[in-house]
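**Q** File target26.pdb follows (PDB, C-alpha atoms):
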```pdb
ATOM      1  CA  SER A  18       6.130-260.291  -6.589
ATOM      2  CA  THR A  19       4.314-263.619  -6.829
ATOM      3  CA  PRO A  20       6.095-266.274  -8.890
ATOM      4  CA  LEU A  21       4.347-266.812 -12.220
ATOM      5  CA  GLY A  22       3.285-270.358 -11.360
ATOM      6  CA  LEU A  23       1.623-269.280  -8.092
ATOM      7  CA  ARG A  24      -0.310-266.357  -9.513
ATOM      8  CA  THR A  25      -4.055-266.820  -9.329
ATOM      9  CA  PRO A  26      -6.134-266.307 -12.472
ATOM     10  CA  MET A  27      -8.134-263.600 -10.693
ATOM     11  CA  GLY A  28      -4.977-261.703  -9.712
ATOM     12  CA  SER A  29      -3.690-261.872 -13.261
ATOM     13  CA  ALA A  30      -7.000-260.687 -14.666
ATOM     14  CA  SER A  31      -7.248-257.736 -12.276
ATOM     15  CA  SER A  32      -3.676-256.601 -12.982
ATOM     16  CA  SER A  33      -4.406-256.993 -16.680
ATOM     17  CA  LEU A  34      -7.507-254.821 -16.302
ATOM     18  CA  ASN A  35      -5.537-252.262 -14.298
ATOM     19  CA  ASP A  36      -2.890-252.122 -17.036
ATOM     20  CA  LEU A  37      -5.597-251.760 -19.681
ATOM     21  CA  GLY A  38      -7.225-248.949 -17.692
ATOM     22  CA  GLU A  39      -3.913-247.124 -17.285
ATOM     23  CA  ALA A  40      -3.092-247.451 -20.965
ATOM     24  CA  ARG A  41      -6.540-246.283 -22.019
ATOM     25  CA  GLU A  42      -6.212-243.277 -19.711
ATOM     26  CA  LYS A  43      -2.860-242.320 -21.281
ATOM     27  CA  VAL A  44      -4.216-242.675 -24.826
ATOM     28  CA  LEU A  45      -7.345-240.740 -23.920
ATOM     29  CA  SER A  46      -5.329-237.879 -22.427
ATOM     30  CA  VAL A  47      -3.207-237.641 -25.595
ATOM     31  CA  LYS A  48      -6.346-237.666 -27.788
ATOM     32  CA  LEU A  49      -8.127-235.077 -25.661
ATOM     33  CA  ASP A  50      -5.098-232.788 -25.652
ATOM     34  CA  LYS A  51      -5.098-232.936 -29.434
ATOM     35  CA  VAL A  52      -8.806-232.276 -30.040
ATOM     36  CA  MET A  53      -9.574-229.701 -27.357
ATOM     37  CA  ASP A  54      -9.694-226.051 -28.222
ATOM     38  CA  SER A  55     -10.209-223.309 -25.683
ATOM     39  CA  VAL A  56     -12.789-220.709 -26.696
ATOM     40  CA  SER A  57     -13.711-218.018 -24.154
ATOM     41  CA  GLY A  58     -12.959-220.282 -21.223
ATOM     42  CA  GLN A  59     -15.054-223.186 -22.522
ATOM     43  CA  THR A  60     -13.804-226.446 -23.946
ATOM     44  CA  VAL A  61     -15.045-227.330 -27.410
ATOM     45  CA  MET A  62     -14.639-230.803 -28.866
ATOM     46  CA  ASP A  63     -15.948-232.440 -32.009
ATOM     47  CA  PRO A  64     -17.307-235.799 -30.736
ATOM     48  CA  LYS A  65     -17.231-237.439 -34.178
ATOM     49  CA  GLY A  66     -13.741-236.192 -34.927
ATOM     50  CA  TYR A  67     -12.560-237.522 -31.567
ATOM     51  CA  LEU A  68     -12.959-241.107 -32.746
ATOM     52  CA  THR A  69     -12.784-240.882 -36.516
ATOM     53  CA  ASP A  70      -9.972-238.470 -37.286
ATOM     54  CA  LEU A  71      -7.136-240.386 -35.644
ATOM     55  CA  ASN A  72      -5.221-240.600 -38.922
ATOM     56  CA  SER A  73      -5.014-236.813 -39.250
ATOM     57  CA  MET A  74      -3.498-236.360 -35.792
ATOM     58  CA  GLN A  75       0.209-235.731 -35.589
ATOM     59  CA  LEU A  76       2.216-236.474 -32.475
ATOM     60  CA  LYS A  77       4.459-233.489 -31.930
ATOM     61  CA  SER A  78       5.834-233.178 -28.449
ATOM     62  CA  ASP A  79       8.241-235.433 -26.616
ATOM     63  CA  ALA A  80       5.594-235.841 -23.918
ATOM     64  CA  ASP A  81       3.153-237.256 -26.488
ATOM     65  CA  ILE A  82       5.758-239.706 -27.711
ATOM     66  CA  ALA A  83       6.637-240.730 -24.134
ATOM     67  CA  ASP A  84       2.938-241.255 -23.343
ATOM     68  CA  ILE A  85       2.529-243.393 -26.455
ATOM     69  CA  LYS A  86       5.560-245.493 -25.525
ATOM     70  CA  LYS A  87       4.267-246.014 -21.988
ATOM     71  CA  ALA A  88       0.777-246.910 -23.226
ATOM     72  CA  ARG A  89       2.319-249.281 -25.791
ATOM     73  CA  LEU A  90       4.215-251.120 -23.017
ATOM     74  CA  LEU A  91       1.090-251.361 -20.850
ATOM     75  CA  LEU A  92      -1.052-252.644 -23.702
ATOM     76  CA  LYS A  93       1.617-255.141 -24.724
ATOM     77  CA  SER A  94       1.476-256.438 -21.164
ATOM     78  CA  VAL A  95      -2.329-256.658 -21.379
ATOM     79  CA  ILE A  96      -2.374-258.678 -24.614
ATOM     80  CA  THR A  97       0.507-260.880 -23.471
ATOM     81  CA  THR A  98      -1.003-261.772 -20.103
ATOM     82  CA  ASN A  99      -4.555-262.129 -21.428
ATOM     83  CA  PRO A 100      -4.496-262.784 -25.196
ATOM     84  CA  LYS A 101      -8.179-263.837 -25.241
ATOM     85  CA  HIS A 102      -9.343-260.352 -24.124
ATOM     86  CA  PRO A 103     -10.685-258.514 -27.231
ATOM     87  CA  PRO A 104     -10.630-254.945 -25.776
ATOM     88  CA  GLY A 105      -6.884-255.275 -25.166
ATOM     89  CA  TRP A 106      -6.244-256.038 -28.852
ATOM     90  CA  ILE A 107      -8.520-253.232 -29.992
ATOM     91  CA  ALA A 108      -6.890-250.702 -27.636
ATOM     92  CA  ALA A 109      -3.378-251.737 -28.719
ATOM     93  CA  THR A 110      -4.410-251.471 -32.360
ATOM     94  CA  ARG A 111      -5.916-248.022 -31.927
ATOM     95  CA  LEU A 112      -2.798-246.843 -30.129
ATOM     96  CA  GLU A 113      -0.655-247.850 -33.123
ATOM     97  CA  GLU A 114      -3.143-246.132 -35.419
ATOM     98  CA  LEU A 115      -2.923-242.978 -33.287
ATOM     99  CA  ALA A 116       0.861-243.150 -33.521
ATOM    100  CA  GLY A 117       0.541-243.255 -37.328
ATOM    101  CA  LYS A 118       1.728-246.866 -37.624
ATOM    102  CA  ILE A 119      -1.125-248.315 -39.659
ATOM    103  CA  ILE A 120       0.824-251.404 -40.786
ATOM    104  CA  ALA A 121       1.693-252.263 -37.184
ATOM    105  CA  ALA A 122      -1.968-251.691 -36.272
ATOM    106  CA  ARG A 123      -3.109-254.101 -39.001
ATOM    107  CA  GLU A 124      -0.595-256.726 -37.885
ATOM    108  CA  LEU A 125      -1.724-256.404 -34.255
ATOM    109  CA  ILE A 126      -5.418-256.742 -35.047
ATOM    110  CA  ALA A 127      -4.683-259.735 -37.309
ATOM    111  CA  GLN A 128      -3.116-261.404 -34.250
ATOM    112  CA  GLY A 129      -6.189-260.359 -32.290
ATOM    113  CA  CYS A 130      -8.389-262.139 -34.846
ATOM    114  CA  LYS A 131      -6.361-265.329 -34.321
ATOM    115  CA  HIS A 132      -6.548-265.106 -30.522
ATOM    116  CA  CYS A 133     -10.195-263.939 -30.364
ATOM    117  CA  PRO A 134     -11.851-265.543 -33.403
ATOM    118  CA  ASN A 135     -15.337-265.262 -31.866
ATOM    119  CA  SER A 136     -15.230-261.517 -31.195
ATOM    120  CA  GLU A 137     -17.308-259.406 -33.592
ATOM    121  CA  ASP A 138     -15.564-256.255 -32.410
ATOM    122  CA  VAL A 139     -12.087-257.562 -33.230
ATOM    123  CA  TRP A 140     -13.177-258.623 -36.738
ATOM    124  CA  LEU A 141     -14.921-255.290 -37.347
ATOM    125  CA  GLU A 142     -11.818-253.408 -36.184
ATOM    126  CA  ALA A 143      -9.666-255.487 -38.547
ATOM    127  CA  ALA A 144     -11.993-254.706 -41.450
ATOM    128  CA  ARG A 145     -12.079-250.992 -40.572
ATOM    129  CA  LEU A 146      -8.292-250.732 -40.737
ATOM    130  CA  GLU A 147      -7.929-252.487 -44.079
ATOM    131  CA  LYS A 148      -8.127-251.087 -47.586
ATOM    132  CA  PRO A 149     -11.561-251.767 -49.153
ATOM    133  CA  ALA A 150     -10.506-254.862 -51.154
ATOM    134  CA  ASN A 151      -8.717-256.404 -48.171
ATOM    135  CA  ALA A 152     -11.581-255.500 -45.821
ATOM    136  CA  LYS A 153     -13.911-257.703 -47.878
ATOM    137  CA  ALA A 154     -11.485-260.616 -47.478
ATOM    138  CA  VAL A 155     -11.296-260.007 -43.712
ATOM    139  CA  LEU A 156     -15.096-259.980 -43.463
ATOM    140  CA  ALA A 157     -15.324-263.155 -45.560
ATOM    141  CA  LYS A 158     -13.113-264.898 -42.975
ATOM    142  CA  ALA A 159     -15.152-263.323 -40.177
ATOM    143  CA  VAL A 160     -18.518-264.604 -41.427
ATOM    144  CA  LYS A 161     -17.033-268.075 -41.941
ATOM    145  CA  GLN A 162     -15.933-267.996 -38.300
ATOM    146  CA  MET A 163     -19.148-266.353 -37.012
ATOM    147  CA  PRO A 164     -21.929-267.036 -39.558
ATOM    148  CA  HIS A 165     -24.673-265.990 -37.117
ATOM    149  CA  SER A 166     -23.342-262.454 -36.558
ATOM    150  CA  VAL A 167     -25.769-259.887 -37.980
ATOM    151  CA  ARG A 168     -23.238-257.055 -37.476
ATOM    152  CA  LEU A 169     -20.571-258.806 -39.553
ATOM    153  CA  TRP A 170     -22.993-259.570 -42.390
ATOM    154  CA  LEU A 171     -24.284-255.979 -42.417
ATOM    155  CA  ASP A 172     -20.746-254.602 -42.526
ATOM    156  CA  ALA A 173     -19.917-256.961 -45.396
ATOM    157  CA  MET A 174     -23.062-255.840 -47.232
ATOM    158  CA  ASN A 175     -22.311-252.141 -46.673
ATOM    159  CA  ARG A 176     -18.849-252.532 -48.207
ATOM    160  CA  GLU A 177     -20.350-253.673 -51.495
ATOM    161  CA  THR A 178     -20.925-250.894 -54.007
ATOM    162  CA  GLU A 179     -23.306-252.613 -56.411
ATOM    163  CA  LYS A 180     -26.914-253.232 -55.444
ATOM    164  CA  GLU A 181     -26.786-256.787 -56.851
ATOM    165  CA  MET A 182     -23.750-257.682 -54.705
ATOM    166  CA  LYS A 183     -25.403-256.190 -51.601
ATOM    167  CA  ALA A 184     -28.451-258.381 -52.258
ATOM    168  CA  THR A 185     -26.228-261.455 -52.740
ATOM    169  CA  VAL A 186     -24.513-260.867 -49.377
ATOM    170  CA  LEU A 187     -27.875-260.427 -47.658
ATOM    171  CA  ARG A 188     -29.314-263.610 -49.209
ATOM    172  CA  LYS A 189     -26.300-265.551 -47.971
ATOM    173  CA  ALA A 190     -26.687-263.984 -44.507
ATOM    174  CA  LEU A 191     -30.369-264.935 -44.393
ATOM    175  CA  GLU A 192     -29.436-268.582 -45.055
ATOM    176  CA  PHE A 193     -27.620-268.532 -41.698
ATOM    177  CA  ILE A 194     -29.888-266.124 -39.807
ATOM    178  CA  PRO A 195     -33.403-266.503 -41.271
ATOM    179  CA  ASN A 196     -35.106-264.852 -38.266
ATOM    180  CA  SER A 197     -33.149-261.575 -38.339
ATOM    181  CA  VAL A 198     -35.577-258.670 -38.763
ATOM    182  CA  ARG A 199     -32.700-256.293 -39.521
ATOM    183  CA  LEU A 200     -31.404-258.454 -42.373
ATOM    184  CA  TRP A 201     -34.892-258.871 -43.830
ATOM    185  CA  LYS A 202     -35.494-255.094 -43.722
ATOM    186  CA  GLU A 203     -32.216-254.486 -45.558
ATOM    187  CA  ALA A 204     -33.027-257.173 -48.135
ATOM    188  CA  VAL A 205     -36.509-255.745 -48.783
ATOM    189  CA  SER A 206     -35.132-252.199 -49.117
ATOM    190  CA  LEU A 207     -32.860-253.327 -51.967
ATOM    191  CA  GLU A 208     -35.645-254.923 -54.024
ATOM    192  CA  ASP A 209     -38.118-253.297 -56.398
ATOM    193  CA  GLU A 210     -41.753-253.141 -55.273
ATOM    194  CA  GLY A 211     -42.835-256.480 -56.788
ATOM    195  CA  ASN A 212     -39.926-258.490 -55.369
ATOM    196  CA  ALA A 213     -40.184-256.659 -52.030
ATOM    197  CA  ARG A 214     -43.750-257.921 -51.615
ATOM    198  CA  ILE A 215     -42.628-261.484 -52.401
ATOM    199  CA  LEU A 216     -39.865-261.215 -49.782
TER     200      LEU A 216
END
```
Just give me the structure of the file as structure tokens.

**A**
Amino acid sequence: STPLGLRTPMGSASSSLNDLGEAREKVLSVKLDKVMDSVSGQTVMDPKGYLTDLNSMQLKSDADIADIKKARLLLKSVITTNPKHPPGWIAATRLEELAGKIIAARELIAQGCKHCPNSEDVWLEAARLEKPANAKAVLAKAVKQMPHSVRLWLDAMNRETEKEMKATVLRKALEFIPNSVRLWKEAVSLEDEGNARIL
């Protein structure tokens, strides 16, 4: 093993990517085992449920638990050796979510936001895991950090329930990104016919 001081950045990055790949493979195999159902020799899988129904999954067997523990160790290694790598934080967070540890998942992604403050995906993952009121606070921090991110502004707008608040978020977004066609389309769609023409 190469002493830590003599390790090249490229070597560290490739081992980090290998660890991430191994961990993702373990998590994927656990997920696939849970969502697959054999019907007359064919495999049937709900593609939406595969990603969205993680909370309803229960880990039952010792093998599942062992796989989760191994993946957790690999992902911890990934985020420790390369803390500026957003996919590592997201994968570690989703593993904790899969294991039913939502508080640990929230804490992990909050660390990810600190280490990768310019990653839309990390901020969006943090908002997704939070309760609605807290998600708005997360997105408020996110748009302060990345005011030119259309995806963050749209997510913030979509979390508002009142039409007036949605319009307020979009107007604020358009102050930072006045050339965004997507934001303008959303803003126009919220207005009545007279105001839409003015916009």

**Q** May I have the protein, DNA and RNA residues with an atom at most 12 Å from (-18.4, -261.8, -41.0), counting all atoms listed in the file in the file's coordinates, returned as a VMD selection string?

**A** chain A and resid 130 134 to 144 152 to 176 186 to 187 189 to 190 193

**Q** Write the selection just made, keeping C-alpha atoms, as a short mmCIF file (atom, residue, chain, number, x, y, z; two decimals), keeping the file's coordinate frame?

**A**
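Wrote it out as part03.cif, contents follow:
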```
data_model
loop_
_atom_site.label_atom_id
_atom_site.label_comp_id
_atom_site.auth_asym_id
_atom_site.auth_seq_id
_atom_site.Cartn_x
_atom_site.Cartn_y
_atom_site.Cartn_z
CA CYS A 130 -8.39 -262.14 -34.85
CA PRO A 134 -11.85 -265.54 -33.40
CA ASN A 135 -15.34 -265.26 -31.87
CA SER A 136 -15.23 -261.52 -31.20
CA GLU A 137 -17.31 -259.41 -33.59
CA ASP A 138 -15.56 -256.26 -32.41
CA VAL A 139 -12.09 -257.56 -33.23
CA TRP A 140 -13.18 -258.62 -36.74
CA LEU A 141 -14.92 -255.29 -37.35
CA GLU A 142 -11.82 -253.41 -36.18
CA ALA A 143 -9.67 -255.49 -38.55
CA ALA A 144 -11.99 -254.71 -41.45
CA ALA A 152 -11.58 -255.50 -45.82
CA LYS A 153 -13.91 -257.70 -47.88
CA ALA A 154 -11.48 -260.62 -47.48
CA VAL A 155 -11.30 -260.01 -43.71
CA LEU A 156 -15.10 -259.98 -43.46
CA ALA A 157 -15.32 -263.15 -45.56
CA LYS A 158 -13.11 -264.90 -42.98
CA ALA A 159 -15.15 -263.32 -40.18
CA VAL A 160 -18.52 -264.60 -41.43
CA LYS A 161 -17.03 -268.08 -41.94
CA GLN A 162 -15.93 -268.00 -38.30
CA MET A 163 -19.15 -266.35 -37.01
CA PRO A 164 -21.93 -267.04 -39.56
CA HIS A 165 -24.67 -265.99 -37.12
CA SER A 166 -23.34 -262.45 -36.56
CA VAL A 167 -25.77 -259.89 -37.98
CA ARG A 168 -23.24 -257.06 -37.48
CA LEU A 169 -20.57 -258.81 -39.55
CA TRP A 170 -22.99 -259.57 -42.39
CA LEU A 171 -24.28 -255.98 -42.42
CA ASP A 172 -20.75 -254.60 -42.53
CA ALA A 173 -19.92 -256.96 -45.40
CA MET A 174 -23.06 -255.84 -47.23
CA ASN A 175 -22.31 -252.14 -46.67
CA ARG A 176 -18.85 -252.53 -48.21
CA VAL A 186 -24.51 -260.87 -49.38
CA LEU A 187 -27.88 -260.43 -47.66
CA LYS A 189 -26.30 -265.55 -47.97
CA ALA A 190 -26.69 -263.98 -44.51
CA PHE A 193 -27.62 -268.53 -41.70
#
```

**Q** State, in Å with one decimal place, the distance from CA of Pro100 (chain A) to CA of Glu124 (chain A).

**A**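 Here the two named atoms are 14.6 Å from each other.
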
**Q** What is the CA of Leu112 (chain A) to CA of Ile85 (chain A) distance in Å?

**A**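 Distance between the two atoms: 7.3 Å.
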
**Q** Work out how far CA of Arg145 (chain A) is from CA of Glu203 (chain A), in Å to one decimal.

**A**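 Value for the CA of Glu203 (chain A)-CA of Arg145 (chain A) distance: 21.0 Å.
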
**Q** Apply the PyMOL selection byres ((chain A and resi 108) around 9) to the file shown and report the selected residues as a PyMOL selection string.

**A** chain A and resi 37+40-41+44+92+103-107+109-113
